[in-house]
Amino acid sequence: MADVFINYRTGDGNETAALIDNELSNRFGKDRAFRASKSIPPGTVYPDALLTSLRRSALLLVVIGADWVNFQSRLRDPEDWVRKEILEAFACGLPVVPVLAGRTTERLKKDDLPADLTRLAELQSVRLDTQNAEADLKRLGDLVAEMVPELHDLEHADAPAPEPGSVSNSAGGIHGTAVQSRDFTGDVSGTVIKRPTGPVHSGNGNIYQNSRHVSSGRHYSGDGMTNFEGDHHGDIRHRFGEPGRREDDER
């Protein structure tokens, strides 16, 4: 069953219709959007297929291309399928959303439409600009999910529930391997940070840790371990492979 029926005119909005179909199919499933040139198998009686699918849909998207209103004779033709699908949606009480294809396509005006289609000019439209296609398609998909609750539920149904005690973090700009774990055993290469109590920066270059923990203001330094307590201001230098030095040595 298709939830979204895409109405378009070949030669004016078919490319935009294909973009919409692809976005909705990827997001909600390939059978959730109906587009005639894709959804009707060869040899099928298409008038029956069109009307049956439309009546079973929950939403009609009307793709309005730059020349849509210039097809005046066809918009007034009772046998024009763009016209018939829109009127059938009105008769069935389906929500209808005009989709303006392109940056320069203007909103519909009542004076440019046949009397039985003037309702289209009163409906709030959305724009799909190919130069901003990714964002506009995402916005259209969000609108579809809002208007068709079944699709919203379907989109979120496959997300597994987090296990008790699990942690979900996100990180960007990572080059290499990142590992998150509650417990470490054995040797782990790289940098491991366990249960930090303050901000920690780890990456190419320096490592900084500042903590508000205070315990007599002391610090300890030894082979393989540095422990700073209290507020720290300045650099922390770690040197490896050098002979041990007195804590108060200077260079």
# chains A, B, ... in the order shown; residues from 1 in each chain; ligands from 1
$ residues_around --residues "Val148 (chain A)" --least-positions-apart "4" --cutoff "7 Å" --atoms "only C-alpha atoms" --output "list in words"
Ala58, Val144 and His152 of chain A
$ write_last_selection --atoms "all heavy atoms" --output "PDB file, in the first residue's frame"
ATOM      1  N   ALA A  58      -2.707   8.251   1.762  1.00  0.00           N
ATOM      2  CA  ALA A  58      -3.009   9.135   2.881  1.00  0.00           C
ATOM      3  C   ALA A  58      -2.648  10.578   2.585  1.00  0.00           C
ATOM      4  O   ALA A  58      -3.007  11.475   3.353  1.00  0.00           O
ATOM      5  CB  ALA A  58      -2.261   8.669   4.127  1.00  0.00           C
ATOM      6  N   VAL A 144       6.107  14.964   5.512  1.00  0.00           N
ATOM      7  CA  VAL A 144       5.337  13.761   5.199  1.00  0.00           C
ATOM      8  C   VAL A 144       5.178  12.896   6.454  1.00  0.00           C
ATOM      9  O   VAL A 144       4.091  12.393   6.743  1.00  0.00           O
ATOM     10  CB  VAL A 144       6.021  12.965   4.070  1.00  0.00           C
ATOM     11  CG1 VAL A 144       5.412  11.577   3.939  1.00  0.00           C
ATOM     12  CG2 VAL A 144       5.897  13.711   2.745  1.00  0.00           C
ATOM     13  N   HIS A 152       5.724   7.940  10.245  1.00  0.00           N
ATOM     14  CA  HIS A 152       6.572   8.345  11.372  1.00  0.00           C
ATOM     15  C   HIS A 152       6.846   7.149  12.268  1.00  0.00           C
ATOM     16  O   HIS A 152       7.986   6.901  12.686  1.00  0.00           O
ATOM     17  CB  HIS A 152       5.889   9.451  12.166  1.00  0.00           C
ATOM     18  CG  HIS A 152       6.657   9.890  13.383  1.00  0.00           C
ATOM     19  ND1 HIS A 152       6.542   9.234  14.603  1.00  0.00           N
ATOM     20  CD2 HIS A 152       7.557  10.891  13.577  1.00  0.00           C
ATOM     21  CE1 HIS A 152       7.317   9.816  15.484  1.00  0.00           C
ATOM     22  NE2 HIS A 152       7.955  10.814  14.890  1.00  0.00           N
TER      23      HIS A 152
END
$ residues_around --residues "region 73-86 of chain A" --least-positions-apart "2" --cutoff "8 Å" --atoms "only C-alpha atoms" --output "VMD selection string"
chain A and resid 7 to 9 50 to 51 54 60 62 71 88 to 90 113 to 114 117
$ select_by_dssp --residues "region 69-136 of chain A" --states "strand (DSSP E or B)" --output "PyMOL selection string"
chain A and resi 96-101+126-128
$ write_last_selection --atoms "C-alpha atoms" --output "short mmCIF file (atom, residue, chain, number, x, y, z; two decimals), in the first residue's frame"
data_model
loop_
_atom_site.label_atom_id
_atom_site.label_comp_id
_atom_site.auth_asym_id
_atom_site.auth_seq_id
_atom_site.Cartn_x
_atom_site.Cartn_y
_atom_site.Cartn_z
CA VAL A 96 -3.01 17.84 -0.72
CA VAL A 97 0.35 19.64 -0.67
CA PRO A 98 1.62 21.60 -3.70
CA VAL A 99 5.39 21.18 -4.18
CA LEU A 100 6.96 24.08 -6.08
CA ALA A 101 9.77 22.67 -8.22
CA VAL A 126 6.53 23.76 0.01
CA ARG A 127 9.50 24.42 -2.26
CA LEU A 128 12.01 21.92 -3.61
#
$ atom_distance --atom1 "CA of Leu94 (chain A)" --atom2 "CA of Leu59 (chain A)"
5.8 Å
$ closest_residue --among "A:Leu137, A:Leu120, A:Ile6, A:Ala17" --to "Leu87 (chain A)" --atoms "only C-alpha atoms"
A:Leu120
$ closest_residue --among "A:Glu106, A:Glu150, A:Glu15, A:Asp3" --to "Thr130 (chain A)" --atoms "only C-alpha atoms"
A:Glu15
$ residues_around --residues "Asn26 (chain A)" --least-positions-apart "4" --cutoff "12 Å" --atoms "only C-alpha atoms" --output "VMD selection string"
chain A and resid 19 to 22 30 to 33 137 to 138 141 155
